Every structure is written in structure tokens, then in C-alpha cells.
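Below is one structure, written out as C-alpha cells; the observations come after it.
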Amino acid sequence: MEGNIEVLQGAIALVGYGLAAVGPGVGIGIVVGNAITAMARQPEMQNTVRTTMFLGIAFTEALALIGFVLFFIA
Amino acid sequence: MDTVILAAEECDVANEVICAPSNVNLLFELPKWFDIGPFEFTRTSFLMFLAAAIVVGILWAGLRKPKLVPGKMQLFVETLVGFVRDGIARDIIGPEGAKYAPYLFSIFIFILVGNLFEVTPLVTFPITSRMAIPAFLAVVTYIIFVFVGFKKNGFHYLLDIAWPKSVPVALRPLVGLIELVSVFILRPLTLAVRLFANLVAGHLMLALLLGSGVTFVLAVGDVGAKAGIGLVWFIVGMGIYLFEIVVAILQAYIFTLLSAVYIQSSVHPEH
């Protein structure tokens, strides 16, 4: 067991996924938060804001998902 | 189906807290049924054709005899078509977006049916969790937006991306390089991976939680009170199940939306 890096491989992949999820987590929070502010200020723009919000979420989320896929590949 | 796989793995209910298969690929690589030429025909292939048949069936049932006062089925199909044509194609691409509405509607409804297989009892396998299907759909979108870009703008399409005029001259090589990589490599890649990874994550969670729940509860005779953990897994699994219905619909919407955005960026590259 000593000096055997193999046993750590799964754990390292988990940490990598965790790190990959931090940024997008904060990012999605900012996107949705600002979208809610925008909707509250201008309810008539709701549809446009919602579409743009989903776009923003989709772009941000991609980073976390790549981390998730790498977790399984590793 | 997944419970069968988990049970076949001989889950050690006395020592484990959750039944995980030794290899998660077992949940996605289904055994082949028979060969057609060089291709293996698996349950996934069957579900793919089933999804196509369901799509054709819904559209045929709804629009076979269109009436001035629509019936229930026609109303449903018309609402879906209207949502994609007006809510996605025209809103994002602009007036000429109606031209792309048939393609967008086709991928939307196919992905929607494929995703909803995840939460359909007796099927419980999202075909979009096999990379081949999202990858193929992303490649089709990729071909369309690159083709439209060259057709509408000629060689300037490539030039405007590689040498963006709206950026100071000193930064243009750097921004151009980033744009080139982002448009021609990252766009199709993330488009496919987003759909694929969402559905893989969902299927994995549902299979592990619901499968473990059933396995533990069924083993109540062997492990006694410890079988109660199965109830917890099952309740959490049902919560995730509801969430996955939302994810399935949202991911079909996002794939279509992003396809429309990419096509739009080729139709009007200056924005």
C-alpha cells in the first residue's frame, strides 16, 4: 500500500470534479440572481430575460459537465 | 432493468450502504440482441427507432387531418410547433428563422422523446446518454451553421471570426484565435457533452438510488432493520425522479435553443 498512487486515483478524480464544480456553481448563481433582478425590475421583459438566462446557464454549466465527464474517464 | 443489473452484481446488503455496480458502464452498455451486417443491434438501437416511431406517430396523429377547430391532439402538436417556431426560431434567428424551424422542431421533439425515456416506466433508459446520439445531432447542427455561415457571408465568415474588427488591432490575433477555437471546436463539443452528461448523471442517480432502494427493501428477511435504508434511498430517488423530468425537458429546450443561437451567429455574424 505504501507509495502506491493507484489507490488514490478515484479520490483525486473526485477532488478534480469538486474543483470543476466550484466555478460554475458560483457562475450559475450570479446568472440566475441577476436574471431575477432584471425580471423584478422589468416584468414585461420576462420572456427575453428567461431565454437569455437559460443560455447563460447552459454556457456556464458546460464547464461543470466537462469536469463530470472527466471524472468518469479518469 | 437496472435493478436486475444491480441485483446481478450481487449487492452485499449486509455491508454496503448503497448498491453500486463494480463498473458504471454496465448501466449504459446493454447486451446486444443480434447483428445487422457489421452493426450490433442492442436495446439502445431499438429504443432509438422507437423514439423515431413515437415522434412520427405523434405528428401523424396530430396533423393527419388538420381541422379549422383543432382537436386535442392537433392542439398539442400545434402548440409544440408554435413554441419552437415562434419561441425559438423566430425569436432568436429573426424573421428568416422560420426557414430553420423544421430542423429545430425535429431535433427538439426527438431529443425530448429520447430524454423522457429516462423517466418512462419499463423503458428507463435515456438514449441520449449514449454519446453517439448527441454527438451525431451536434455534428448536424455544426454542419448547418458552418454551411449557412459560408453561404451567407462567403469567405468573410471565416475572416470575421479570425480577425474581429470590433477589437483593437493589437488584440486581434489573440481574440481571433480564441474565437476560432471556440466556434469550430468548443461549440459542437460542448453542445454534445452538455446533453450527454446531463442524461448520464440523471440515469446514474436514478438507477443507483431506486435500484438500491428496491434491493434493500427486498432483502428485509436477511438484514432486518437495515432494510430501512432502502426506504430512504427510494424516497430520495423519487425526488430526483421529479427533478429529472424537468431536466429532460429543459435539456431538449437548451439543445434546440443553442442550435438556433449558433445558426443565428452565422446568419448575422456582426452581432
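Just remember, in the C-alpha cells the first chain shown is A, the second B, etc., residues are 1-based per chain, and ligands are 1-based in the order shown.
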
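Near chain A, counting only C-alpha atoms at 7 Å, the chain B residues are Thr190, Arg194 and Ala197 of chain B.
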
With C-alpha atoms retained, write the just-selected residues as a PDB file, in the first residue's frame.
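Generated output (result_10.pdb):
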ATOM      1  CA  THR B 190     -19.984  21.344 -25.506  1.00  0.00           C
ATOM      2  CA  ARG B 194     -23.949  19.040 -22.225  1.00  0.00           C
ATOM      3  CA  ALA B 197     -23.537  14.415 -19.340  1.00  0.00           C
TER       4      ALA B 197
END

Problem - Nearby residues (only C-alpha atoms) at most 12 Å from A:Ala11, same-chain spacing under 5 positions excluded, as a PyMOL selection string - result: chain A and resi 5-6+16-18+71-72+74

Find the spatial neighbours of stretch 71-78 of chain B, counting only C-alpha atoms, within a cut-off of 7 Å - ignore same-chain residues fewer than 2 positions away - and output them as a short mmCIF file (atom, residue, chain, number, x, y, z; two decimals) with C-alpha atoms, in the first residue's frame.
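Okay, this is what ended up in part_31.cif:
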data_model
loop_
_atom_site.label_atom_id
_atom_site.label_comp_id
_atom_site.auth_asym_id
_atom_site.auth_seq_id
_atom_site.Cartn_x
_atom_site.Cartn_y
_atom_site.Cartn_z
CA LEU B 59 -47.14 14.13 -35.56
CA ALA B 61 -51.98 11.61 -35.06
CA GLY B 62 -51.99 15.37 -34.64
CA LEU B 63 -51.74 16.59 -38.20
CA VAL B 69 -61.11 23.93 -34.97
CA LEU B 80 -45.30 22.41 -29.70
CA VAL B 81 -44.62 23.50 -33.29
CA GLY B 82 -45.63 27.07 -32.45
#

Practice task
Would you mind reading off the distance between atom CA of B:Ile144 and atom CA of B:Tyr262, one decimal, in Å?
Solution key: 9.3 Å

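Among the candidate residues A:Leu8, A:Val15, A:Met53, A:Ile73, the one lying nearest to A:Ala38 is A:Met53, with distances computed using only C-alpha atoms.
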
What's around stretch 173-187 of chain B at 12 Å? Count only C-alpha atoms, leave out sequence neighbours fewer than 4 positions away in its own chain, and write the answer as a tab-separated table (two decimals) with N, CA and C atoms, in the first residue's frame.
chain	number	residue	atom	x	y	z
A	58	ALA	N	-26.57	27.53	-19.62
A	58	ALA	CA	-26.06	26.44	-20.44
A	58	ALA	C	-24.57	26.61	-20.68
A	59	PHE	N	-24.14	27.85	-20.96
A	59	PHE	CA	-22.71	28.07	-21.21
A	59	PHE	C	-21.89	27.83	-19.95
A	62	ALA	N	-21.56	24.09	-18.84
A	62	ALA	CA	-20.72	23.21	-19.66
A	62	ALA	C	-19.42	22.86	-18.95
A	63	LEU	N	-18.84	23.83	-18.22
A	63	LEU	CA	-17.57	23.58	-17.55
A	63	LEU	C	-17.72	22.49	-16.49
A	66	ILE	N	-18.09	19.10	-18.19
A	66	ILE	CA	-16.83	18.54	-18.69
A	66	ILE	C	-16.06	17.91	-17.53
B	135	ALA	N	-23.78	13.29	-30.11
B	135	ALA	CA	-22.67	13.68	-30.98
B	135	ALA	C	-23.15	13.84	-32.41
B	138	ALA	N	-25.21	16.98	-32.71
B	138	ALA	CA	-24.36	18.17	-32.65
B	138	ALA	C	-23.61	18.36	-33.96
B	139	VAL	N	-23.19	17.24	-34.59
B	139	VAL	CA	-22.46	17.35	-35.86
B	139	VAL	C	-23.39	17.89	-36.94
B	141	THR	N	-25.95	19.96	-36.47
B	141	THR	CA	-26.04	21.40	-36.20
B	141	THR	C	-24.78	22.12	-36.67
B	142	TYR	N	-23.63	21.51	-36.39
B	142	TYR	CA	-22.33	22.09	-36.77
B	142	TYR	C	-22.26	22.28	-38.28
B	143	ILE	N	-22.62	21.23	-39.03
B	143	ILE	CA	-22.58	21.33	-40.49
B	143	ILE	C	-23.51	22.44	-40.96
B	145	PHE	N	-24.62	25.19	-39.32
B	145	PHE	CA	-24.24	26.59	-39.07
B	145	PHE	C	-22.97	26.99	-39.81
B	146	VAL	N	-22.06	26.04	-40.04
B	146	VAL	CA	-20.87	26.40	-40.83
B	146	VAL	C	-21.28	26.63	-42.29
B	149	GLY	N	-23.09	29.88	-42.63
B	149	GLY	CA	-22.14	30.98	-42.49
B	149	GLY	C	-21.40	31.25	-43.78
B	157	TYR	N	-16.96	35.08	-43.64
B	157	TYR	CA	-17.41	34.42	-42.41
B	157	TYR	C	-16.21	33.98	-41.58
B	158	LEU	N	-15.27	33.31	-42.24
B	158	LEU	CA	-14.08	32.83	-41.55
B	158	LEU	C	-13.20	34.01	-41.13
B	159	LEU	N	-13.10	34.99	-42.04
B	159	LEU	CA	-12.22	36.14	-41.80
B	159	LEU	C	-12.72	36.95	-40.59
B	160	ASP	N	-14.06	37.15	-40.51
B	160	ASP	CA	-14.59	37.95	-39.41
B	160	ASP	C	-14.37	37.28	-38.07
B	161	ILE	N	-14.33	35.96	-38.08
B	161	ILE	CA	-14.09	35.26	-36.81
B	161	ILE	C	-12.61	35.32	-36.45
B	162	ALA	N	-11.75	35.10	-37.45
B	162	ALA	CA	-10.32	35.04	-37.16
B	162	ALA	C	-9.71	36.42	-36.98
B	163	TRP	N	-10.34	37.47	-37.52
B	163	TRP	CA	-9.79	38.83	-37.44
B	163	TRP	C	-10.92	39.79	-37.06
B	164	PRO	N	-11.38	39.75	-35.79
B	164	PRO	CA	-12.56	40.52	-35.38
B	164	PRO	C	-12.30	42.02	-35.44
B	165	LYS	N	-13.14	42.72	-36.21
B	165	LYS	CA	-12.91	44.15	-36.47
B	165	LYS	C	-13.27	45.01	-35.26
B	166	SER	N	-14.10	44.46	-34.33
B	166	SER	CA	-14.58	45.28	-33.23
B	166	SER	C	-13.56	45.35	-32.08
B	167	VAL	N	-12.39	44.72	-32.27
B	167	VAL	CA	-11.39	44.64	-31.20
B	167	VAL	C	-10.18	45.47	-31.62
B	168	PRO	N	-9.47	46.12	-30.68
B	168	PRO	CA	-8.24	46.84	-31.04
B	168	PRO	C	-7.26	45.95	-31.78
B	169	VAL	N	-6.50	46.55	-32.71
B	169	VAL	CA	-5.65	45.77	-33.61
B	169	VAL	C	-4.69	44.87	-32.85
B	191	LEU	N	-21.89	21.31	-27.01
B	191	LEU	CA	-23.30	21.03	-27.33
B	191	LEU	C	-23.63	19.56	-27.08
B	192	ALA	N	-22.73	18.69	-27.55
B	192	ALA	CA	-22.96	17.25	-27.38
B	192	ALA	C	-22.76	16.84	-25.93
B	193	VAL	N	-21.66	17.32	-25.33
B	193	VAL	CA	-21.34	16.87	-23.97
B	193	VAL	C	-22.39	17.32	-22.96
B	194	ARG	N	-22.95	18.53	-23.16
B	194	ARG	CA	-23.95	19.04	-22.22
B	194	ARG	C	-25.14	18.10	-22.12
B	255	PHE	N	-30.75	22.40	-25.99
B	255	PHE	CA	-30.06	21.95	-27.21
B	255	PHE	C	-30.62	22.69	-28.43
B	258	LEU	N	-29.63	26.46	-28.30
B	258	LEU	CA	-28.24	26.72	-28.67
B	258	LEU	C	-28.02	26.49	-30.15
B	259	SER	N	-28.67	25.47	-30.73
B	259	SER	CA	-28.58	25.28	-32.17
B	259	SER	C	-29.05	26.54	-32.88
B	261	VAL	N	-29.12	29.60	-31.66
B	261	VAL	CA	-28.17	30.69	-31.43
B	261	VAL	C	-26.97	30.56	-32.36
B	262	TYR	N	-26.47	29.34	-32.54
B	262	TYR	CA	-25.31	29.13	-33.41
B	262	TYR	C	-25.66	29.46	-34.86
B	263	ILE	N	-26.87	29.04	-35.29
B	263	ILE	CA	-27.28	29.36	-36.66
B	263	ILE	C	-27.42	30.87	-36.81
B	265	SER	N	-25.78	33.16	-35.25
B	265	SER	CA	-24.47	33.81	-35.32
B	265	SER	C	-23.85	33.64	-36.71
B	266	SER	N	-24.33	32.67	-37.49
B	266	SER	CA	-23.84	32.55	-38.86
B	266	SER	C	-24.66	33.42	-39.82
B	269	PRO	N	-23.46	37.57	-38.62
B	269	PRO	CA	-22.21	37.38	-37.86
B	269	PRO	C	-21.76	38.61	-37.10

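Counting only C-alpha atoms and comparing B:Thr79, B:Thr215, B:Asn153, B:Ser106, the residue that lies closest to B:Val267 is B:Asn153.
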
Can you tell me, as a JSON list (two decimals) with C-alpha atoms, in the first residue's frame, what residues are no more than 10 Å from B:Leu104 when counting only C-alpha atoms, ignoring any on the same chain fewer than 6 positions away?
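Final output, saved to around_24.json:
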[["chain", "number", "residue", "atom", "x", "y", "z"],
["B", 81, "VAL", "CA", -44.62, 23.50, -33.29],
["B", 84, "VAL", "CA", -40.32, 26.02, -31.42],
["B", 85, "ARG", "CA", -41.10, 28.17, -34.49],
["B", 88, "ILE", "CA", -37.07, 29.68, -30.57],
["B", 89, "ALA", "CA", -36.60, 30.06, -34.34],
["B", 97, "GLY", "CA", -35.76, 31.88, -38.74],
["B", 98, "ALA", "CA", -38.94, 30.17, -39.94],
["B", 141, "THR", "CA", -26.04, 21.40, -36.20],
["B", 253, "TYR", "CA", -35.06, 23.03, -25.00],
["B", 255, "PHE", "CA", -30.06, 21.95, -27.21],
["B", 256, "THR", "CA", -32.58, 23.47, -29.63],
["B", 257, "LEU", "CA", -32.01, 26.98, -28.27],
["B", 259, "SER", "CA", -28.58, 25.28, -32.17],
["B", 260, "ALA", "CA", -30.71, 28.34, -33.01]]

Fill in the blank from the handout: Between A:Arg50, A:Val7, A:Val22, A:Ala13, smallest distance to A:Ile36 by only C-alpha atoms belongs to A:Arg50

Handout entry: Interatomic distance (Å, one decimal) between atom CA of B:Asn115 and atom CA of B:Ala248
Key = 5.0 Å

Exercise for the section: Within 12 Å of B:Phe49, counting only C-alpha atoms, which residues show up once you throw out same-chain ones fewer than 5 positions away? Write them as a ChimeraX atom specification, please. Expected result: /B:41-44,54-57,110,113-114,127,133

Atoms to include: C-alpha atoms. Write the selected residues as a CSV table (one decimal), in the first residue's frame.
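Listed below is the output, selection17.csv:
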chain,number,residue,atom,x,y,z
B,41,PHE,CA,-28.5,-4.2,-32.7
B,42,THR,CA,-28.9,-3.5,-28.9
B,43,ARG,CA,-31.7,-2.3,-26.7
B,44,THR,CA,-30.4,1.2,-27.3
B,54,ILE,CA,-43.2,7.8,-31.5
B,55,VAL,CA,-42.3,11.1,-33.0
B,56,VAL,CA,-43.8,10.2,-36.3
B,57,GLY,CA,-46.8,8.7,-34.5
B,110,PHE,CA,-36.6,13.7,-31.0
B,113,VAL,CA,-38.8,11.8,-26.5
B,114,GLY,CA,-35.3,10.3,-26.1
B,127,ILE,CA,-31.0,7.1,-25.4
B,133,ILE,CA,-26.7,10.2,-30.5

Exercise for the section: Write out as a ChimeraX atom specification all residues of stretch 24-218 of chain B that backbone DSSP assigns to strand (DSSP E or B). Expected result: /B:32-36,39-42

Residues as selected, C-alpha atoms, written as a PDB file, in the first residue's frame, can you do that?
ATOM      1  CA  LYS B  32     -26.606  -6.932 -27.946  1.00  0.00           C
ATOM      2  CA  TRP B  33     -29.663  -8.673 -29.320  1.00  0.00           C
ATOM      3  CA  PHE B  34     -28.479  -9.618 -32.807  1.00  0.00           C
ATOM      4  CA  ASP B  35     -26.286  -8.417 -35.657  1.00  0.00           C
ATOM      5  CA  ILE B  36     -27.364  -6.479 -38.750  1.00  0.00           C
ATOM      6  CA  PHE B  39     -23.753  -3.360 -36.732  1.00  0.00           C
ATOM      7  CA  GLU B  40     -24.822  -4.722 -33.383  1.00  0.00           C
ATOM      8  CA  PHE B  41     -28.492  -4.250 -32.652  1.00  0.00           C
ATOM      9  CA  THR B  42     -28.890  -3.508 -28.942  1.00  0.00           C
TER      10      THR B  42
END

Exercise for the section: Would you mind writing down, as a VMD selection string, each residue of chain A that DSSP on the backbone assigns to alpha helix (DSSP H)? Expected result: chain A and resid 9 to 41 46 to 73

Exercise for the section: Tell me which protein, DNA and RNA residues are within 7 Å of stretch 223-240 of chain B, counting only C-alpha atoms, leaving out same-chain ones fewer than 4 positions away, and put them as a ChimeraX atom specification. Expected result: /B:14,206,209-210,212-214,216-217,219,244
